[in-house]
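Student: This is protein.txt (compact mmCIF, C-alpha atoms).
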```txt
# COMPACT_ATOMS: atom_id res chain seq x y z
CA GLY O 1 -65.61 19.94 -38.94
CA GLN O 2 -64.75 22.62 -41.35
CA GLY O 3 -61.67 24.39 -42.60
CA SER O 4 -60.33 26.70 -45.23
CA VAL O 5 -58.20 26.00 -48.26
CA PHE O 6 -56.40 28.75 -50.17
CA VAL O 7 -55.45 28.07 -53.77
CA ASN O 8 -53.53 30.19 -56.26
CA LEU O 9 -54.03 29.56 -59.95
CA ASN O 10 -51.17 30.65 -62.19
CA THR O 11 -52.75 31.82 -65.46
CA ASN O 12 -49.51 32.71 -67.26
CA GLY O 13 -49.67 31.50 -70.84
CA TYR O 14 -53.47 31.10 -70.87
CA ARG O 15 -54.50 34.56 -72.15
CA GLY O 16 -57.82 34.28 -73.94
CA HIS O 17 -58.25 30.59 -73.07
CA ALA O 18 -60.02 28.49 -70.49
CA VAL O 19 -58.02 26.76 -67.79
CA THR O 20 -59.14 23.93 -65.50
CA ARG O 21 -57.26 22.40 -62.58
CA THR O 22 -58.19 19.59 -60.21
CA ILE O 23 -57.08 19.70 -56.59
CA LYS O 24 -57.18 16.75 -54.20
CA ILE O 25 -57.46 17.55 -50.51
CA TYR O 26 -56.68 14.74 -48.10
CA THR O 27 -58.39 14.88 -44.73
CA ASN O 28 -58.64 12.75 -41.62
CA ASP O 29 -62.24 11.81 -42.56
CA PRO O 30 -62.08 8.25 -43.96
CA ASP O 31 -65.51 8.66 -45.59
CA ALA O 32 -64.51 11.79 -47.57
CA ASN O 33 -60.93 11.18 -48.57
CA PRO O 34 -59.81 12.73 -50.79
CA VAL O 35 -62.06 15.72 -51.41
CA VAL O 36 -61.73 16.72 -55.06
CA LEU O 37 -62.09 20.36 -56.07
CA LYS O 38 -62.24 21.45 -59.67
CA ILE O 39 -61.34 25.05 -60.56
CA SER O 40 -62.27 26.41 -63.98
CA ALA O 41 -61.72 29.90 -65.28
CA GLN O 42 -61.81 31.84 -68.51
CA VAL O 43 -58.64 33.92 -68.62
CA ASP O 44 -59.18 37.34 -70.16
CA ASP O 45 -57.03 38.37 -73.08
CA ILE O 46 -55.57 41.53 -71.53
CA VAL O 47 -53.02 42.31 -74.22
CA LYS O 48 -52.26 41.17 -77.76
CA ILE O 49 -48.59 40.37 -78.36
CA ASP O 50 -47.62 39.52 -81.93
CA PRO O 51 -45.57 37.39 -82.18
CA PRO O 52 -45.89 36.12 -78.60
CA ARG O 53 -42.12 35.57 -78.22
CA ILE O 54 -38.96 36.54 -80.04
CA SER O 55 -36.89 33.84 -81.72
CA LEU O 56 -33.63 34.96 -83.28
CA SER O 57 -31.39 32.58 -85.18
CA GLY O 58 -28.55 33.17 -87.59
CA HIS O 59 -24.83 33.33 -88.08
CA ALA O 60 -22.40 35.44 -86.07
CA GLY O 61 -21.95 38.79 -87.78
CA GLU O 62 -25.44 38.79 -89.32
CA GLU O 63 -28.13 41.26 -88.25
CA LEU O 64 -30.54 39.31 -86.02
CA SER O 65 -33.55 41.38 -85.01
CA GLN O 66 -37.28 41.20 -84.61
CA THR O 67 -40.13 43.55 -83.77
CA VAL O 68 -43.02 42.62 -81.48
CA THR O 69 -46.32 44.52 -81.59
CA ILE O 70 -48.03 45.04 -78.22
CA THR O 71 -51.66 46.16 -78.32
CA PRO O 72 -53.73 46.85 -75.19
CA THR O 73 -57.26 45.44 -75.30
CA ASP O 74 -60.28 47.70 -74.86
CA ALA O 75 -61.17 45.94 -71.59
CA PHE O 76 -57.72 46.52 -70.07
CA PRO O 77 -56.23 49.77 -71.39
CA PHE O 78 -52.73 50.62 -70.18
CA THR O 79 -49.71 52.78 -70.79
CA VAL O 80 -46.25 51.25 -70.72
CA VAL O 81 -44.20 53.22 -68.18
CA SER O 82 -40.89 51.31 -68.40
CA ALA O 83 -39.08 48.48 -70.15
CA GLU O 84 -36.22 46.48 -68.69
CA ALA O 85 -34.32 43.40 -69.83
CA ARG O 86 -33.83 40.68 -67.26
CA PHE O 87 -30.18 40.21 -68.30
CA GLY O 88 -29.60 42.54 -71.26
CA ASN O 89 -26.01 41.58 -71.96
CA ASN O 90 -26.71 40.05 -75.41
CA ILE O 91 -29.47 42.32 -76.73
CA SER O 92 -30.31 45.90 -77.41
CA TYR O 93 -33.92 46.99 -77.50
CA GLU O 94 -36.10 50.00 -78.12
CA LEU O 95 -39.74 50.55 -77.23
CA ARG O 96 -41.68 52.79 -79.60
CA GLU O 97 -45.31 53.86 -79.44
CA GLU O 98 -47.69 54.98 -82.12
CA ALA O 99 -51.22 56.35 -81.95
CA LYS O 100 -53.47 54.38 -84.28
CA ASP O 101 -57.29 54.50 -84.46
CA ASP O 102 -57.56 56.23 -81.04
CA LYS O 103 -55.32 53.55 -79.49
CA THR O 104 -51.69 53.42 -78.55
CA ILE O 105 -49.78 50.55 -80.13
CA TYR O 106 -46.33 49.64 -78.82
CA TYR O 107 -43.49 48.25 -80.90
CA LEU O 108 -40.62 46.49 -79.18
CA ASP O 109 -37.56 46.25 -81.43
CA VAL O 110 -35.01 43.68 -80.21
CA ARG O 111 -31.57 43.15 -81.74
CA ASN O 112 -28.92 40.57 -80.96
CA ILE O 113 -25.52 42.06 -80.03
CA LYS O 114 -23.75 38.77 -79.25
CA ASP O 115 -21.01 38.29 -81.83
CA THR O 116 -19.85 34.82 -80.82
CA MET O 117 -21.46 31.44 -81.32
CA GLY O 118 -23.90 30.27 -78.65
CA ARG O 119 -27.46 30.25 -77.38
CA TYR O 120 -29.08 32.53 -74.84
CA PHE O 121 -32.43 33.38 -73.35
CA ASP O 122 -33.62 36.72 -72.05
CA GLU O 123 -36.83 38.50 -71.21
CA ILE O 124 -38.01 42.08 -71.47
CA VAL O 125 -40.48 43.14 -68.80
CA LEU O 126 -42.77 46.05 -69.58
CA LYS O 127 -44.28 47.79 -66.54
CA THR O 128 -47.65 49.45 -67.03
CA ASP O 129 -49.91 51.89 -65.19
CA ASN O 130 -52.81 49.39 -64.94
CA PRO O 131 -52.78 47.16 -61.82
CA ALA O 132 -54.63 44.42 -63.74
CA VAL O 133 -51.80 44.40 -66.30
CA SER O 134 -48.95 45.50 -64.04
CA SER O 135 -46.26 43.81 -66.12
CA ILE O 136 -45.97 42.15 -69.51
CA SER O 137 -43.13 39.77 -70.36
CA VAL O 138 -41.70 39.20 -73.80
CA ARG O 139 -39.38 36.20 -73.90
CA ILE O 140 -36.38 36.03 -76.19
CA ASN O 141 -34.64 32.89 -77.51
CA CYS O 142 -31.51 33.34 -79.61
CA SER O 143 -29.18 30.94 -81.35
CA VAL O 144 -26.01 32.43 -82.85
CA LEU O 145 -24.37 29.97 -85.21
CA SER O 146 -20.75 29.99 -86.38
CA GLY O 147 -19.79 32.69 -88.88
CA GLY O 148 -21.65 32.88 -92.19
CA ASN O 149 -20.36 31.63 -95.54
```
Translate this structure into structure tokens?

Tutor:
Amino acid sequence: GQGSVFVNLNTNGYRGHAVTRTIKIYTNDPDANPVVLKISAQVDDIVKIDPPRISLSGHAGEELSQTVTITPTDAFPFTVVSAEARFGNNISYELREEAKDDKTIYYLDVRNIKDTMGRYFDEIVLKTDNPAVSSISVRINCSVLSGGN
């Protein structure tokens, strides 16, 4: 007989790299069990994010901030239409844009506002006008240590 198999391949984290996955399909055919499928793909680099994630660490009361540069690639141009933090209770952020060499470069400034010791994680999601790059996530890790010396 015949049948159909639908497979989704999550390519998050593989921008600009190759990804390969093996899938085993078990059937009721003892002579063809399992059927092994191999999926390989080259994932396009649709945006350059530098650095790829924000890591803030320091003492309570210190200024903890970082700027991320977001550059659309020529193959997947986009305009950022909104920015929203997943939680937002421990950070402030600002998205700036600058025209440079006939391109728009985005700068995401993130600042810790937590004034007590502890760790937290957050994420800023940028929505764009390009369906191929509908959203871009910038992850944030922060460790606020006890007060400085």

Student: I'd like the neighbourhood of O:Arg111 as a list in words, where a residue qualifies if any of its atoms comes within 8 Å (using all atoms listed in the file), though same-chain residues fewer than 2 positions away should be ignored.

Tutor: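 The filter keeps Glu63, Leu64, Ser65, Gln66, Ile91, Ser92, Tyr93, Asp109 and Ile113 of chain O.
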
Student: Give me the residues near stretch 99-102 of chain O as a list of chain:residue names, where near means some atom within 12 Å (using only C-alpha atoms) and where sequence neighbours in that chain fewer than 4 positions away do not count.

Tutor: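 My reading of the contact set: O:Thr71, O:Pro72, O:Asp74, O:Pro77, O:Thr79, O:Tyr106, O:Tyr107.
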
Student: Just the number, please: distance in Å from atom CA of O:His59 to atom CA of O:Ser146, one decimal.

Tutor: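 Separating atom CA of O:His59 from atom CA of O:Ser146 is a distance of 5.5 Å.
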
Student: Near O:Phe76, within 8 Å and counting all atoms listed in the file, which residues show up once chain neighbours fewer than 2 positions away are dropped, as a PyMOL selection string?

Tutor: chain O and resi 46-47+72-74+78+130+132-133

Student: Ranking O:Thr69, O:Thr22, O:Ser135, O:Thr27 by minimum distance to O:Ser4 and counting all atoms listed in the file, which one comes first?

Tutor: O:Thr27

Student: Give me the residues near stretch 51-58 of chain O as a PyMOL selection string, where near means some atom within 10 Å (using all atoms listed in the file) and where sequence neighbours in that chain fewer than 5 positions away do not count.

Tutor: chain O and resi 13+63-70+109-112+117+119-123+137-148

Student: Tell me, as a compact mmCIF listing (two decimals) with C-alpha atoms, in the coordinates of the input, which residues lie within 9 Å of O:Ile136, counting all atoms listed in the file; anything in the same chain fewer than 5 positions away does not count.

Tutor:
```txt
# COMPACT_ATOMS: atom_id res chain seq x y z
CA VAL O 47 -53.02 42.31 -74.22
CA ILE O 124 -38.01 42.08 -71.47
CA VAL O 125 -40.48 43.14 -68.80
CA LEU O 126 -42.77 46.05 -69.58
CA LYS O 127 -44.28 47.79 -66.54
CA THR O 128 -47.65 49.45 -67.03
```

Student: Which value, in Å to one decimal, gives the distance between atom CA of O:Ala75 and atom CA of O:Asn10?

Tutor: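 These two atoms are separated by 20.5 Å.
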
Student: So how far away is atom CA of O:Ile49 from atom CA of O:Glu97, in Å?

Tutor: 13.9 Å
